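Peer 1: As input, take run16.pdb (PDB, C-alpha atoms):
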```
ATOM      1  CA  MET A   1       0.000   0.000   0.000  1.00  0.00           C
ATOM      2  CA  SER A   2       1.426   3.352  -1.060  1.00  0.00           C
ATOM      3  CA  ARG A   3       1.509   6.258   1.360  1.00  0.00           C
ATOM      4  CA  HIS A   4       1.005   9.921   0.507  1.00  0.00           C
ATOM      5  CA  LYS A   5       1.789  12.896   2.674  1.00  0.00           C
ATOM      6  CA  LEU A   6      -1.019  15.439   2.816  1.00  0.00           C
ATOM      7  CA  ASP A   7       0.019  19.078   2.977  1.00  0.00           C
ATOM      8  CA  LYS A   8      -3.528  20.496   2.714  1.00  0.00           C
ATOM      9  CA  LYS A   9      -6.709  20.131   4.705  1.00  0.00           C
ATOM     10  CA  ILE A  10      -9.203  17.577   3.354  1.00  0.00           C
ATOM     11  CA  VAL A  11     -12.382  19.425   2.360  1.00  0.00           C
ATOM     12  CA  LYS A  12     -14.141  16.731   0.302  1.00  0.00           C
ATOM     13  CA  TYR A  13     -13.662  13.200  -0.990  1.00  0.00           C
ATOM     14  CA  ARG A  14     -15.180  10.522  -3.226  1.00  0.00           C
ATOM     15  CA  VAL A  15     -14.664   6.776  -3.658  1.00  0.00           C
ATOM     16  CA  GLN A  16     -12.851   5.874  -6.860  1.00  0.00           C
ATOM     17  CA  LYS A  17     -14.280   2.725  -8.460  1.00  0.00           C
ATOM     18  CA  PRO A  18     -11.916   0.277 -10.186  1.00  0.00           C
ATOM     19  CA  GLU A  19     -11.496   0.970 -13.885  1.00  0.00           C
ATOM     20  CA  GLY A  20     -14.323  -0.511 -15.952  1.00  0.00           C
ATOM     21  CA  GLN A  21     -16.638  -0.926 -12.962  1.00  0.00           C
ATOM     22  CA  ALA A  22     -19.685   1.318 -13.042  1.00  0.00           C
ATOM     23  CA  PRO A  23     -21.185   2.479  -9.758  1.00  0.00           C
ATOM     24  CA  ALA A  24     -24.426   0.819  -8.716  1.00  0.00           C
ATOM     25  CA  PRO A  25     -27.520   2.858  -9.463  1.00  0.00           C
ATOM     26  CA  VAL A  26     -28.781   4.668  -6.398  1.00  0.00           C
ATOM     27  CA  ALA A  27     -32.299   6.014  -6.117  1.00  0.00           C
ATOM     28  CA  ARG A  28     -33.464   9.191  -4.402  1.00  0.00           C
ATOM     29  CA  ASP A  29     -34.023   7.267  -1.171  1.00  0.00           C
ATOM     30  CA  GLY A  30     -30.363   6.181  -1.145  1.00  0.00           C
ATOM     31  CA  LYS A  31     -31.070   2.508  -1.846  1.00  0.00           C
ATOM     32  CA  VAL A  32     -29.494   0.571  -4.703  1.00  0.00           C
ATOM     33  CA  ARG A  33     -32.061  -0.529  -7.273  1.00  0.00           C
ATOM     34  CA  LYS A  34     -31.949  -4.120  -8.527  1.00  0.00           C
ATOM     35  CA  ASP A  35     -33.000  -4.152 -12.177  1.00  0.00           C
ATOM     36  CA  GLY A  36     -32.188  -7.705 -13.240  1.00  0.00           C
ATOM     37  CA  GLY A  37     -29.033  -6.752 -15.085  1.00  0.00           C
ATOM     38  CA  GLY A  38     -30.377  -3.766 -17.000  1.00  0.00           C
ATOM     39  CA  LYS A  39     -28.757  -0.348 -16.737  1.00  0.00           C
ATOM     40  CA  VAL A  40     -30.687   2.110 -14.593  1.00  0.00           C
ATOM     41  CA  VAL A  41     -30.029   5.805 -15.082  1.00  0.00           C
ATOM     42  CA  TRP A  42     -31.167   8.437 -12.572  1.00  0.00           C
ATOM     43  CA  MET A  43     -31.340  12.178 -13.085  1.00  0.00           C
ATOM     44  CA  HIS A  44     -28.437  14.191 -11.665  1.00  0.00           C
ATOM     45  CA  GLU A  45     -26.626  17.412 -12.520  1.00  0.00           C
ATOM     46  CA  LYS A  46     -23.843  15.645 -14.441  1.00  0.00           C
ATOM     47  CA  LEU A  47     -26.215  13.876 -16.843  1.00  0.00           C
ATOM     48  CA  GLU A  48     -25.359  15.123 -20.332  1.00  0.00           C
ATOM     49  CA  ARG A  49     -27.979  16.526 -22.672  1.00  0.00           C
ATOM     50  CA  PRO A  50     -28.827  14.100 -25.504  1.00  0.00           C
ATOM     51  CA  GLU A  51     -29.159  15.211 -29.109  1.00  0.00           C
ATOM     52  CA  VAL A  52     -32.949  14.774 -29.154  1.00  0.00           C
ATOM     53  CA  LEU A  53     -35.467  15.556 -26.410  1.00  0.00           C
ATOM     54  CA  ILE A  54     -39.256  15.184 -26.250  1.00  0.00           C
ATOM     55  CA  GLY A  55     -40.872  18.630 -26.098  1.00  0.00           C
ATOM     56  CA  SER A  56     -44.312  20.030 -25.231  1.00  0.00           C
ATOM     57  CA  THR A  57     -45.298  23.653 -25.867  1.00  0.00           C
ATOM     58  CA  TYR A  58     -48.066  25.478 -23.988  1.00  0.00           C
ATOM     59  CA  LYS A  59     -49.595  28.822 -24.948  1.00  0.00           C
ATOM     60  CA  ILE A  60     -50.194  31.367 -22.185  1.00  0.00           C
ATOM     61  CA  LYS A  61     -52.396  34.326 -23.136  1.00  0.00           C
ATOM     62  CA  THR A  62     -53.177  36.799 -20.396  1.00  0.00           C
ATOM     63  CA  PRO A  63     -55.362  39.932 -20.417  1.00  0.00           C
ATOM     64  CA  VAL A  64     -52.446  41.955 -19.011  1.00  0.00           C
ATOM     65  CA  SER A  65     -50.330  41.573 -22.161  1.00  0.00           C
ATOM     66  CA  ASP A  66     -50.993  42.012 -25.883  1.00  0.00           C
ATOM     67  CA  HIS A  67     -48.635  39.161 -26.757  1.00  0.00           C
ATOM     68  CA  ALA A  68     -48.907  35.498 -25.830  1.00  0.00           C
ATOM     69  CA  MET A  69     -46.158  33.530 -24.131  1.00  0.00           C
ATOM     70  CA  TYR A  70     -45.121  30.101 -25.399  1.00  0.00           C
ATOM     71  CA  LEU A  71     -43.736  27.804 -22.722  1.00  0.00           C
ATOM     72  CA  THR A  72     -41.779  24.741 -23.889  1.00  0.00           C
ATOM     73  CA  ILE A  73     -40.707  21.929 -21.572  1.00  0.00           C
ATOM     74  CA  ASN A  74     -38.302  19.318 -22.934  1.00  0.00           C
ATOM     75  CA  ASP A  75     -38.280  15.888 -21.308  1.00  0.00           C
ATOM     76  CA  LEU A  76     -35.576  13.264 -21.080  1.00  0.00           C
ATOM     77  CA  MET A  77     -36.591   9.626 -21.499  1.00  0.00           C
ATOM     78  CA  LEU A  78     -34.695   7.583 -18.920  1.00  0.00           C
ATOM     79  CA  ASN A  79     -34.094   3.826 -19.264  1.00  0.00           C
ATOM     80  CA  GLU A  80     -35.944   3.714 -22.575  1.00  0.00           C
ATOM     81  CA  GLY A  81     -37.190   0.285 -23.552  1.00  0.00           C
ATOM     82  CA  THR A  82     -36.893  -1.157 -20.024  1.00  0.00           C
ATOM     83  CA  GLU A  83     -39.309  -1.670 -17.161  1.00  0.00           C
ATOM     84  CA  HIS A  84     -37.786   1.423 -15.534  1.00  0.00           C
ATOM     85  CA  GLU A  85     -38.630   3.709 -18.461  1.00  0.00           C
ATOM     86  CA  HIS A  86     -39.996   7.089 -17.409  1.00  0.00           C
ATOM     87  CA  ARG A  87     -39.931  10.720 -18.533  1.00  0.00           C
ATOM     88  CA  ARG A  88     -38.281  13.468 -16.560  1.00  0.00           C
ATOM     89  CA  PRO A  89     -38.333  17.222 -17.299  1.00  0.00           C
ATOM     90  CA  PHE A  90     -34.896  18.398 -18.407  1.00  0.00           C
ATOM     91  CA  GLU A  91     -35.219  22.057 -19.458  1.00  0.00           C
ATOM     92  CA  ILE A  92     -37.744  24.847 -19.951  1.00  0.00           C
ATOM     93  CA  PHE A  93     -37.919  27.790 -22.356  1.00  0.00           C
ATOM     94  CA  ILE A  94     -40.343  30.704 -22.637  1.00  0.00           C
ATOM     95  CA  ASN A  95     -40.690  32.731 -25.829  1.00  0.00           C
ATOM     96  CA  SER A  96     -42.685  35.933 -26.288  1.00  0.00           C
ATOM     97  CA  LYS A  97     -42.704  39.093 -28.396  1.00  0.00           C
ATOM     98  CA  ASN A  98     -43.147  41.091 -25.197  1.00  0.00           C
ATOM     99  CA  LEU A  99     -39.642  42.145 -24.157  1.00  0.00           C
ATOM    100  CA  ASP A 100     -40.803  43.814 -20.931  1.00  0.00           C
ATOM    101  CA  HIS A 101     -40.370  40.547 -19.045  1.00  0.00           C
ATOM    102  CA  PHE A 102     -37.235  39.330 -20.853  1.00  0.00           C
ATOM    103  CA  GLN A 103     -34.781  39.490 -17.937  1.00  0.00           C
ATOM    104  CA  TRP A 104     -36.853  37.714 -15.317  1.00  0.00           C
ATOM    105  CA  ILE A 105     -38.055  35.148 -17.855  1.00  0.00           C
ATOM    106  CA  VAL A 106     -34.468  34.199 -18.731  1.00  0.00           C
ATOM    107  CA  ALA A 107     -33.523  34.041 -15.046  1.00  0.00           C
ATOM    108  CA  LEU A 108     -36.593  31.989 -14.121  1.00  0.00           C
ATOM    109  CA  THR A 109     -36.207  29.439 -16.915  1.00  0.00           C
ATOM    110  CA  ARG A 110     -32.511  28.929 -16.159  1.00  0.00           C
ATOM    111  CA  ILE A 111     -33.206  28.310 -12.479  1.00  0.00           C
ATOM    112  CA  ILE A 112     -36.099  25.919 -13.215  1.00  0.00           C
ATOM    113  CA  SER A 113     -33.988  24.049 -15.792  1.00  0.00           C
ATOM    114  CA  ALA A 114     -31.166  23.692 -13.247  1.00  0.00           C
ATOM    115  CA  VAL A 115     -33.606  22.202 -10.715  1.00  0.00           C
ATOM    116  CA  PHE A 116     -34.965  19.835 -13.387  1.00  0.00           C
ATOM    117  CA  ARG A 117     -31.467  18.571 -14.217  1.00  0.00           C
ATOM    118  CA  LYS A 118     -30.643  18.133 -10.536  1.00  0.00           C
ATOM    119  CA  GLY A 119     -33.225  15.339 -10.405  1.00  0.00           C
ATOM    120  CA  GLY A 120     -35.209  14.169  -7.403  1.00  0.00           C
ATOM    121  CA  ASP A 121     -38.601  15.579  -6.495  1.00  0.00           C
ATOM    122  CA  VAL A 122     -39.240  18.720  -8.571  1.00  0.00           C
ATOM    123  CA  ALA A 123     -42.960  19.010  -7.800  1.00  0.00           C
ATOM    124  CA  PHE A 124     -42.288  21.608  -5.088  1.00  0.00           C
ATOM    125  CA  LEU A 125     -41.515  24.121  -7.848  1.00  0.00           C
ATOM    126  CA  THR A 126     -45.170  24.309  -8.855  1.00  0.00           C
ATOM    127  CA  GLU A 127     -46.335  25.338  -5.378  1.00  0.00           C
ATOM    128  CA  GLU A 128     -43.612  27.979  -5.092  1.00  0.00           C
ATOM    129  CA  LEU A 129     -44.504  29.501  -8.468  1.00  0.00           C
ATOM    130  CA  LYS A 130     -48.271  29.367  -7.853  1.00  0.00           C
ATOM    131  CA  ALA A 131     -47.793  31.286  -4.591  1.00  0.00           C
ATOM    132  CA  VAL A 132     -46.347  34.375  -6.346  1.00  0.00           C
ATOM    133  CA  PHE A 133     -48.733  37.359  -6.312  1.00  0.00           C
ATOM    134  CA  ASP A 134     -48.457  40.414  -8.538  1.00  0.00           C
ATOM    135  CA  PRO A 135     -48.618  43.591  -6.381  1.00  0.00           C
ATOM    136  CA  ARG A 136     -50.543  45.262  -9.204  1.00  0.00           C
ATOM    137  CA  GLY A 137     -53.233  42.602  -8.976  1.00  0.00           C
ATOM    138  CA  GLY A 138     -53.980  39.367 -10.801  1.00  0.00           C
ATOM    139  CA  TYR A 139     -56.445  38.564 -13.567  1.00  0.00           C
ATOM    140  CA  TRP A 140     -59.303  36.231 -14.430  1.00  0.00           C
ATOM    141  CA  GLN A 141     -58.966  33.392 -16.888  1.00  0.00           C
ATOM    142  CA  PRO A 142     -61.846  32.266 -19.129  1.00  0.00           C
ATOM    143  CA  GLY A 143     -63.997  30.001 -16.986  1.00  0.00           C
ATOM    144  CA  GLY A 144     -63.761  32.088 -13.829  1.00  0.00           C
ATOM    145  CA  LYS A 145     -60.362  30.962 -12.497  1.00  0.00           C
ATOM    146  CA  PHE A 146     -58.384  33.729 -10.801  1.00  0.00           C
ATOM    147  CA  MET A 147     -54.673  33.902 -11.546  1.00  0.00           C
ATOM    148  CA  PRO A 148     -52.630  35.940  -9.020  1.00  0.00           C
ATOM    149  CA  SER A 149     -49.726  36.578 -11.435  1.00  0.00           C
ATOM    150  CA  ILE A 150     -48.072  35.519 -14.686  1.00  0.00           C
ATOM    151  CA  VAL A 151     -45.506  33.573 -12.657  1.00  0.00           C
ATOM    152  CA  ALA A 152     -48.345  31.708 -10.937  1.00  0.00           C
ATOM    153  CA  GLU A 153     -49.808  30.757 -14.308  1.00  0.00           C
ATOM    154  CA  ILE A 154     -46.395  29.419 -15.345  1.00  0.00           C
ATOM    155  CA  GLY A 155     -46.517  27.317 -12.175  1.00  0.00           C
ATOM    156  CA  TYR A 156     -49.933  25.922 -13.137  1.00  0.00           C
ATOM    157  CA  VAL A 157     -48.624  25.045 -16.622  1.00  0.00           C
ATOM    158  CA  VAL A 158     -45.572  23.272 -15.174  1.00  0.00           C
ATOM    159  CA  GLU A 159     -47.888  21.409 -12.778  1.00  0.00           C
ATOM    160  CA  ARG A 160     -50.109  20.309 -15.676  1.00  0.00           C
ATOM    161  CA  HIS A 161     -47.045  19.044 -17.552  1.00  0.00           C
ATOM    162  CA  LEU A 162     -45.748  17.071 -14.571  1.00  0.00           C
ATOM    163  CA  GLN A 163     -49.191  15.500 -14.214  1.00  0.00           C
ATOM    164  CA  THR A 164     -49.190  14.580 -17.911  1.00  0.00           C
ATOM    165  CA  ILE A 165     -45.850  12.741 -17.719  1.00  0.00           C
ATOM    166  CA  GLY A 166     -46.810  11.014 -14.463  1.00  0.00           C
ATOM    167  CA  LEU A 167     -44.600  12.835 -11.945  1.00  0.00           C
ATOM    168  CA  MET A 168     -47.609  14.326 -10.154  1.00  0.00           C
ATOM    169  CA  GLN A 169     -51.067  12.965  -9.526  1.00  0.00           C
ATOM    170  CA  LYS A 170     -54.005  14.771 -11.079  1.00  0.00           C
ATOM    171  CA  PRO A 171     -56.395  16.137  -8.468  1.00  0.00           C
ATOM    172  CA  GLY A 172     -59.785  14.510  -8.487  1.00  0.00           C
ATOM    173  CA  MET A 173     -62.935  13.841  -6.524  1.00  0.00           C
ATOM    174  CA  ASP A 174     -64.243  10.544  -5.262  1.00  0.00           C
ATOM    175  CA  ASP A 175     -67.602   9.230  -6.502  1.00  0.00           C
ATOM    176  CA  THR A 176     -69.510  10.591  -3.502  1.00  0.00           C
ATOM    177  CA  GLN A 177     -68.142  14.107  -3.962  1.00  0.00           C
ATOM    178  CA  ARG A 178     -68.753  13.976  -7.707  1.00  0.00           C
ATOM    179  CA  LEU A 179     -72.397  12.955  -7.286  1.00  0.00           C
ATOM    180  CA  LEU A 180     -72.961  15.595  -4.609  1.00  0.00           C
ATOM    181  CA  ILE A 181     -71.455  18.354  -6.724  1.00  0.00           C
ATOM    182  CA  GLU A 182     -73.462  17.254  -9.756  1.00  0.00           C
ATOM    183  CA  SER A 183     -76.747  17.242  -7.863  1.00  0.00           C
ATOM    184  CA  LYS A 184     -76.119  20.603  -6.248  1.00  0.00           C
ATOM    185  CA  ARG A 185     -74.976  22.091  -9.536  1.00  0.00           C
ATOM    186  CA  LYS A 186     -78.262  21.145 -11.177  1.00  0.00           C
ATOM    187  CA  GLU A 187     -80.078  23.102  -8.482  1.00  0.00           C
ATOM    188  CA  TRP A 188     -78.231  26.215  -9.618  1.00  0.00           C
ATOM    189  CA  GLU A 189     -78.709  25.728 -13.350  1.00  0.00           C
ATOM    190  CA  GLN A 190     -81.942  27.729 -13.396  1.00  0.00           C
ATOM    191  CA  ARG A 191     -80.195  30.773 -12.009  1.00  0.00           C
ATOM    192  CA  SER A 192     -78.317  33.265 -14.121  1.00  0.00           C
ATOM    193  CA  ARG A 193     -74.665  32.584 -14.753  1.00  0.00           C
ATOM    194  CA  GLN A 194     -71.952  34.667 -13.149  1.00  0.00           C
ATOM    195  CA  GLN A 195     -70.776  37.516 -15.372  1.00  0.00           C
ATOM    196  CA  ASP A 196     -67.333  38.945 -14.827  1.00  0.00           C
ATOM    197  CA  ALA A 197     -65.573  41.931 -16.349  1.00  0.00           C
ATOM    198  CA  PHE A 198     -62.783  39.715 -17.600  1.00  0.00           C
ATOM    199  CA  ALA A 199     -64.381  36.379 -18.436  1.00  0.00           C
ATOM    200  CA  GLU A 200     -67.604  34.427 -18.535  1.00  0.00           C
ATOM    201  CA  SER A 201     -68.058  31.630 -16.060  1.00  0.00           C
ATOM    202  CA  SER A 202     -70.158  28.499 -15.900  1.00  0.00           C
ATOM    203  CA  TYR A 203     -70.508  28.821 -12.124  1.00  0.00           C
ATOM    204  CA  PRO A 204     -73.463  30.345 -10.279  1.00  0.00           C
ATOM    205  CA  GLU A 205     -73.981  34.062  -9.880  1.00  0.00           C
ATOM    206  CA  GLY A 206     -72.581  35.319  -6.616  1.00  0.00           C
ATOM    207  CA  ALA A 207     -70.179  32.399  -6.168  1.00  0.00           C
ATOM    208  CA  GLN A 208     -67.174  33.296  -4.040  1.00  0.00           C
ATOM    209  CA  LEU A 209     -63.501  32.760  -4.778  1.00  0.00           C
ATOM    210  CA  CYS A 210     -62.084  29.411  -3.642  1.00  0.00           C
ATOM    211  CA  VAL A 211     -58.835  29.791  -1.701  1.00  0.00           C
ATOM    212  CA  LYS A 212     -57.724  26.310  -2.778  1.00  0.00           C
ATOM    213  CA  CYS A 213     -58.172  26.392  -6.574  1.00  0.00           C
ATOM    214  CA  ASN A 214     -58.622  30.159  -7.174  1.00  0.00           C
ATOM    215  CA  THR A 215     -61.947  29.633  -8.953  1.00  0.00           C
ATOM    216  CA  ALA A 216     -65.061  31.709  -8.278  1.00  0.00           C
ATOM    217  CA  ALA A 217     -67.166  28.617  -7.555  1.00  0.00           C
ATOM    218  CA  VAL A 218     -67.821  28.586  -3.801  1.00  0.00           C
ATOM    219  CA  VAL A 219     -71.522  28.385  -2.911  1.00  0.00           C
ATOM    220  CA  MET A 220     -73.487  27.594   0.240  1.00  0.00           C
ATOM    221  CA  MET A 221     -74.690  23.982   0.197  1.00  0.00           C
ATOM    222  CA  ASP A 222     -76.519  22.457   3.153  1.00  0.00           C
ATOM    223  CA  GLY A 223     -75.249  25.234   5.399  1.00  0.00           C
ATOM    224  CA  CYS A 224     -71.614  24.733   4.328  1.00  0.00           C
ATOM    225  CA  LYS A 225     -69.447  26.646   1.879  1.00  0.00           C
ATOM    226  CA  THR A 226     -68.412  24.227  -0.884  1.00  0.00           C
ATOM    227  CA  CYS A 227     -66.415  24.745  -4.093  1.00  0.00           C
ATOM    228  CA  LEU A 228     -68.131  23.449  -7.239  1.00  0.00           C
ATOM    229  CA  ALA A 229     -64.754  23.220  -9.009  1.00  0.00           C
ATOM    230  CA  CYS A 230     -62.575  21.232  -6.617  1.00  0.00           C
ATOM    231  CA  ALA A 231     -65.077  20.110  -3.933  1.00  0.00           C
ATOM    232  CA  ASP A 232     -63.174  21.856  -1.149  1.00  0.00           C
ATOM    233  CA  SER A 233     -65.529  22.250   1.803  1.00  0.00           C
ATOM    234  CA  LYS A 234     -65.289  24.233   5.023  1.00  0.00           C
ATOM    235  CA  CYS A 235     -67.109  21.376   6.753  1.00  0.00           C
ATOM    236  CA  GLY A 236     -64.511  18.822   5.748  1.00  0.00           C
TER     237      GLY A 236
END
```
With the file now loaded, output its structure as structure tokens.
Peer 2:
Amino acid sequence: MSRHKLDKKIVKYRVQKPEGQAPAPVARDGKVRKDGGGKVVWMHEKLERPEVLIGSTYKIKTPVSDHAMYLTINDLMLNEGTEHEHRRPFEIFINSKNLDHFQWIVALTRIISAVFRKGGDVAFLTEELKAVFDPRGGYWQPGGKFMPSIVAEIGYVVERHLQTIGLMQKPGMDDTQRLLIESKRKEWEQRSRQQDAFAESSYPEGAQLCVKCNTAAVVMMDGCKTCLACADSKCG
């Protein structure tokens, strides 16, 4: 065994594997995955960008801007053709003719892309983005959904994409909630629809804003405030 004299303080280290021996795949929980001999690849910051990525583009049109924004998320297919195949977001781009937001858009997309490439659980990004409020006020989307800021809408789009590729579960109601909402909704159908300065809504006139889904769909049902969009209820 050779000996080396150290003349500097040790600040970090790593285990060097023998030449030709690849490290065992380690999952986010720190456990080695057994894949029956197949190669398992996990997202990390050193994973190189392939020549071709799978992309999805979403259009964001807000009443606070004359120009639409086009948000593109490119996904990396990991372990393609194996039982461990799954898609992971790798990078995000936003394109718009409106140059007023150019600097923060570039900064935001670079940070989000860096988090994507880091791997692990990236779902927390959606909640952070959706919680951003514009001090000048938000806006209403068609259908009666209130959007607190453009950044929040970007968060909702990223959330929708993660749900599409299977990294997040789509919110839903159970059969009991669905039947209750449907029956109560029919009771309101004879009343005039809510009219808003920004958008038309299919929810009842006078419905309040839901703090959970930001939709003006909260009505009083059986003495309890209940959202007709997401079934959130003050009575549990």
Peer 1: How many Å separate atom CA of A:Gly138 from atom CA of A:Ser65?
Peer 2: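 About the pair atom CA of A:Gly138 and atom CA of A:Ser65: they are 12.1 Å apart.
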Peer 1: Determine the nearest neighbour of A:Gln163 from the options A:Cys230, A:Arg87, A:Gln208, A:Phe116, counting only C-alpha atoms.
Peer 2: A:Arg87
Peer 1: May I ask which of the residues A:Ile165, A:Ile94, A:Leu228, A:Leu78 is the closest one to A:Tyr58, counting all atoms listed in the file?
Peer 2: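 That would be A:Ile94, the residue with the smallest distance to A:Tyr58.
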Peer 1: To one decimal place, how far is atom CA of A:Phe146 from atom CA of A:Asn214 in Å?
Peer 2: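 Computed distance, atom CA of A:Phe146 to atom CA of A:Asn214, equals 5.1 Å.
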Peer 1: Report, in Å with one decimal, the straight-line distance from atom CA of A:Ser149 to atom CA of A:Asp100.
Peer 2: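 Calculated distance between atom CA of A:Ser149 and atom CA of A:Asp100 is 14.9 Å.
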Peer 1: If the PyMOL selection byres ((chain A and resi 161) around 12) were run on this exact file, what residues would it hold? Put them as a count of residues only.
Peer 2: 32
Peer 1: Considering all atoms listed in the file, state which residue in the set A:Gln177, A:Lys61, A:Lys186, A:Leu125 is at the smallest distance from A:Cys227.
Peer 2: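 Nearest to A:Cys227: A:Gln177.
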Peer 1: Run the PyMOL selection byres ((chain A and resi 108) around 12) on the file and write out the hits as a CSV table (one decimal) with C-alpha atoms, in the frame of the given file.
Peer 2:
```
chain,number,residue,atom,x,y,z
A,71,LEU,CA,-43.7,27.8,-22.7
A,91,GLU,CA,-35.2,22.1,-19.5
A,92,ILE,CA,-37.7,24.8,-20.0
A,93,PHE,CA,-37.9,27.8,-22.4
A,94,ILE,CA,-40.3,30.7,-22.6
A,101,HIS,CA,-40.4,40.5,-19.0
A,102,PHE,CA,-37.2,39.3,-20.9
A,103,GLN,CA,-34.8,39.5,-17.9
A,104,TRP,CA,-36.9,37.7,-15.3
A,105,ILE,CA,-38.1,35.1,-17.9
A,106,VAL,CA,-34.5,34.2,-18.7
A,107,ALA,CA,-33.5,34.0,-15.0
A,109,THR,CA,-36.2,29.4,-16.9
A,110,ARG,CA,-32.5,28.9,-16.2
A,111,ILE,CA,-33.2,28.3,-12.5
A,112,ILE,CA,-36.1,25.9,-13.2
A,113,SER,CA,-34.0,24.0,-15.8
A,114,ALA,CA,-31.2,23.7,-13.2
A,115,VAL,CA,-33.6,22.2,-10.7
A,125,LEU,CA,-41.5,24.1,-7.8
A,129,LEU,CA,-44.5,29.5,-8.5
A,151,VAL,CA,-45.5,33.6,-12.7
A,154,ILE,CA,-46.4,29.4,-15.3
A,155,GLY,CA,-46.5,27.3,-12.2
```
